[in-house]
Amino acid sequence: DTGVSQDPRHKITKRGQNVTFRCDPISEHNRLYWYRQTLGQGPEFLTYFQNEAQLEKSRLLSDRFSAERPKGSFSTLEIQRTEQGDSAMYLCASSLQSHPGDEQYFGPGTRLTVT
Amino acid sequence: SQKIEQNSEALNIQEGKTATLTCNYTNYSPAYLQWYRQDPGRGPVFLLLIRENEKEKRKERLKVTFDTTLKQSLFHITASQPADSATYLCALEWRDDKIIFGKGTRLHILP
């Protein structure tokens with residue numbers, strides 16, 4: 001257990017529905033990252049936050065994806081109008097970033113299945 | 001566009017031997033290169049970080065090298081054990097905070 005938690009761990013939804021995932025980072029960590037991972041692939045960067053500021057969102061997969069970190073603590077990732085291609089593991093990670101390149105601590109992930 | 005290639009999809013190594021995994025990249029060298037371990041159904045776990053001005057880093061049975069001329073990092077596990085069986089991911093990070101992970105190499109340590 002790295003101290004990063006994600007909820008839910010599994011989500012099954014029908015195509016067209018909206019889903020929201022939550023990530024609680026390690027409390028003193030100022031950076032929070034979201035990734036998507038499909039079978040046999042490495043994590044694919046989606047977006048990240050420095051405290052409550054979203055510093056990069058151009059790599060979100062489409063405008064159906066959005067993320068927030070309203071108070072610089074927990075974060076949510078929302079996927080609107082889900083498609084079967086959205087089925088994947090969604091990973092959250094946090095880092096202290098006291099030094100550049102500091103390691104990221106990953107949560108257990110949320111596995112999304114779109115039927 | 002930047003590409004990362006990890007040597008093979010799967011690697012079988014006899015217990016007690018040294019496992020060597022490769023991470024090659026194209027274009028610009030990253031400022032930082034990290035190695036992670038991932039077990040099935042779990043998130044990656046950080047192992048080692050090496051910076052662009054460093055040639056080698058060690059931690060217990062693990063060793064990482066970074067050659068910006070060859071655009072390659074090697075990850076070694078010495079005295080390998082069955083418990084080392086997992087997928088190992090390299091991750092490259094540039095100064096603009098861009099991060100890319102490789103696909104990973106599945107390592108099997110055979111007893």
# chains A, B, ... in the order shown; residues from 1 in each chain; ligands from 1

call {"tool": "select_by_dssp", "arguments": {"residues": "range 38-89 of chain A", "states": "strand (DSSP E)", "output": "PyMOL selection string"}}
result
chain A and resi 44-50+53-56+65-68+75-79+88-89

call {"tool": "interface_residues", "arguments": {"of": "chain B", "to": "chain A", "cutoff": "6 Å", "atoms": "only C-alpha atoms", "output": "ChimeraX atom specification"}}
result
/B:32,42-43,101-103

call {"tool": "residues_around", "arguments": {"residues": "Gln17 in chain A", "least_positions_apart": "4", "cutoff": "9 Å", "atoms": "only C-alpha atoms", "output": "ChimeraX atom specification"}}
result
/A:13,79-83,114

call {"tool": "residues_around", "arguments": {"residues": "Gln34 in chain B", "least_positions_apart": "4", "cutoff": "6 Å", "atoms": "only C-alpha atoms", "output": "compact mmCIF listing (two decimals) with N, CA and C atoms, in the first residue's frame"}}
result
# COMPACT_ATOMS: atom_id res chain seq x y z
N LEU B 48 14.00 2.91 -8.97
CA LEU B 48 15.23 3.70 -9.05
C LEU B 48 15.04 4.88 -9.99
N LEU B 49 15.74 5.97 -9.69
CA LEU B 49 15.78 7.15 -10.56
C LEU B 49 17.23 7.41 -10.93
N CYS B 90 10.14 1.28 -17.76
CA CYS B 90 10.98 2.47 -17.68
C CYS B 90 10.11 3.68 -17.99
N ALA B 91 10.43 4.79 -17.37
CA ALA B 91 9.69 6.03 -17.56
C ALA B 91 10.68 7.16 -17.76

call {"tool": "closest_residue", "arguments": {"among": "A:Glu52, A:Glu68, A:Asp24, A:Asp86", "to": "Lys11 in chain A", "atoms": "only C-alpha atoms"}}
result
A:Asp86

call {"tool": "atom_distance", "arguments": {"atom1": "CA of Thr113 in chain A", "atom2": "CA of Glu9 in chain B"}}
result
24.9 Å

call {"tool": "atom_distance", "arguments": {"atom1": "CA of Ile50 in chain B", "atom2": "CA of Leu110 in chain B"}}
result
28.5 Å

call {"tool": "atom_distance", "arguments": {"atom1": "CA of Asp97 in chain B", "atom2": "CA of Lys71 in chain A"}}
result
21.8 Å

call {"tool": "residues_around", "arguments": {"residues": "Ile109 in chain B", "least_positions_apart": "4", "cutoff": "10 Å", "atoms": "only C-alpha atoms", "output": "compact mmCIF listing (two decimals) with all heavy atoms, in the first residue's frame"}}
result
# COMPACT_ATOMS: atom_id res chain seq x y z
N LEU B 11 10.98 -11.97 -20.68
CA LEU B 11 12.35 -12.43 -20.49
C LEU B 11 12.34 -13.53 -19.43
O LEU B 11 11.80 -13.33 -18.34
CB LEU B 11 13.19 -11.25 -20.02
CG LEU B 11 14.70 -11.33 -20.04
CD1 LEU B 11 15.21 -11.56 -21.44
CD2 LEU B 11 15.29 -10.05 -19.46
N ASN B 12 12.93 -14.69 -19.76
CA ASN B 12 13.03 -15.79 -18.79
C ASN B 12 14.48 -15.90 -18.33
O ASN B 12 15.38 -16.01 -19.16
CB ASN B 12 12.60 -17.11 -19.43
CG ASN B 12 11.12 -17.12 -19.78
OD1 ASN B 12 10.31 -16.52 -19.08
ND2 ASN B 12 10.78 -17.78 -20.86
N ILE B 13 14.67 -15.87 -17.04
CA ILE B 13 16.02 -15.93 -16.47
C ILE B 13 16.05 -16.99 -15.37
O ILE B 13 15.09 -17.10 -14.58
CB ILE B 13 16.41 -14.56 -15.85
CG1 ILE B 13 16.43 -13.47 -16.92
CG2 ILE B 13 17.76 -14.63 -15.15
CD1 ILE B 13 17.53 -13.60 -17.96
N GLN B 14 17.12 -17.75 -15.32
CA GLN B 14 17.26 -18.75 -14.27
C GLN B 14 17.56 -18.08 -12.94
O GLN B 14 18.33 -17.11 -12.86
CB GLN B 14 18.41 -19.68 -14.65
CG GLN B 14 18.34 -21.07 -14.06
CD GLN B 14 17.17 -21.87 -14.57
OE1 GLN B 14 16.83 -21.83 -15.75
NE2 GLN B 14 16.52 -22.59 -13.68
N GLU B 15 16.95 -18.61 -11.90
CA GLU B 15 17.17 -18.09 -10.55
C GLU B 15 18.66 -18.03 -10.23
O GLU B 15 19.43 -18.95 -10.55
CB GLU B 15 16.47 -18.99 -9.53
CG GLU B 15 16.60 -18.53 -8.08
CD GLU B 15 15.84 -19.43 -7.12
OE1 GLU B 15 15.29 -20.46 -7.56
OE2 GLU B 15 15.79 -19.08 -5.93
N GLY B 16 19.07 -16.93 -9.63
CA GLY B 16 20.48 -16.75 -9.25
C GLY B 16 21.29 -16.00 -10.29
O GLY B 16 22.35 -15.45 -9.96
N LYS B 17 20.79 -15.96 -11.52
CA LYS B 17 21.50 -15.24 -12.58
C LYS B 17 21.14 -13.76 -12.55
O LYS B 17 20.21 -13.34 -11.84
CB LYS B 17 21.14 -15.82 -13.95
CG LYS B 17 21.46 -17.28 -14.12
CD LYS B 17 22.95 -17.52 -14.16
CE LYS B 17 23.24 -18.99 -14.48
NZ LYS B 17 24.68 -19.31 -14.35
N THR B 18 21.86 -12.97 -13.35
CA THR B 18 21.55 -11.55 -13.47
C THR B 18 20.58 -11.32 -14.62
O THR B 18 20.81 -11.80 -15.74
CB THR B 18 22.84 -10.74 -13.72
OG1 THR B 18 23.69 -10.85 -12.58
CG2 THR B 18 22.51 -9.27 -13.96
N ALA B 19 19.52 -10.61 -14.33
CA ALA B 19 18.55 -10.22 -15.36
C ALA B 19 18.91 -8.82 -15.84
O ALA B 19 19.16 -7.92 -15.01
CB ALA B 19 17.14 -10.24 -14.81
N SER B 80 19.05 -13.03 -9.07
CA SER B 80 17.60 -12.95 -9.24
C SER B 80 16.88 -14.07 -8.47
O SER B 80 17.41 -15.16 -8.29
CB SER B 80 17.23 -12.98 -10.71
OG SER B 80 17.73 -14.16 -11.31
N GLN B 81 15.67 -13.73 -8.04
CA GLN B 81 14.84 -14.65 -7.26
C GLN B 81 13.47 -14.74 -7.90
O GLN B 81 13.03 -13.79 -8.55
CB GLN B 81 14.69 -14.11 -5.83
CG GLN B 81 15.99 -13.83 -5.12
CD GLN B 81 15.81 -12.96 -3.89
OE1 GLN B 81 14.69 -12.56 -3.54
NE2 GLN B 81 16.92 -12.66 -3.22
N PRO B 82 12.76 -15.85 -7.71
CA PRO B 82 11.40 -15.95 -8.27
C PRO B 82 10.51 -14.76 -7.87
O PRO B 82 9.67 -14.35 -8.66
CB PRO B 82 10.89 -17.27 -7.70
CG PRO B 82 12.13 -18.10 -7.55
CD PRO B 82 13.20 -17.12 -7.11
N ALA B 83 10.73 -14.20 -6.67
CA ALA B 83 9.92 -13.05 -6.24
C ALA B 83 10.18 -11.80 -7.07
O ALA B 83 9.41 -10.83 -7.00
CB ALA B 83 10.18 -12.75 -4.77
N ASP B 84 11.23 -11.81 -7.87
CA ASP B 84 11.51 -10.67 -8.76
C ASP B 84 10.67 -10.72 -10.02
O ASP B 84 10.69 -9.79 -10.84
CB ASP B 84 13.00 -10.65 -9.17
CG ASP B 84 13.93 -10.41 -7.99
OD1 ASP B 84 13.54 -9.67 -7.06
OD2 ASP B 84 15.04 -10.98 -8.00
N SER B 85 9.94 -11.80 -10.23
CA SER B 85 9.08 -11.94 -11.41
C SER B 85 8.00 -10.87 -11.38
O SER B 85 7.23 -10.78 -10.41
CB SER B 85 8.45 -13.33 -11.47
OG SER B 85 9.45 -14.33 -11.56
N ALA B 86 7.95 -10.07 -12.42
CA ALA B 86 7.00 -8.95 -12.52
C ALA B 86 7.21 -8.29 -13.87
O ALA B 86 8.07 -8.70 -14.65
CB ALA B 86 7.24 -7.93 -11.40

call {"tool": "closest_residue", "arguments": {"among": "B:Ile4, B:Leu74, B:Ala79, B:Leu62", "to": "Thr26 in chain B", "atoms": "only C-alpha atoms"}}
result
B:Ile4
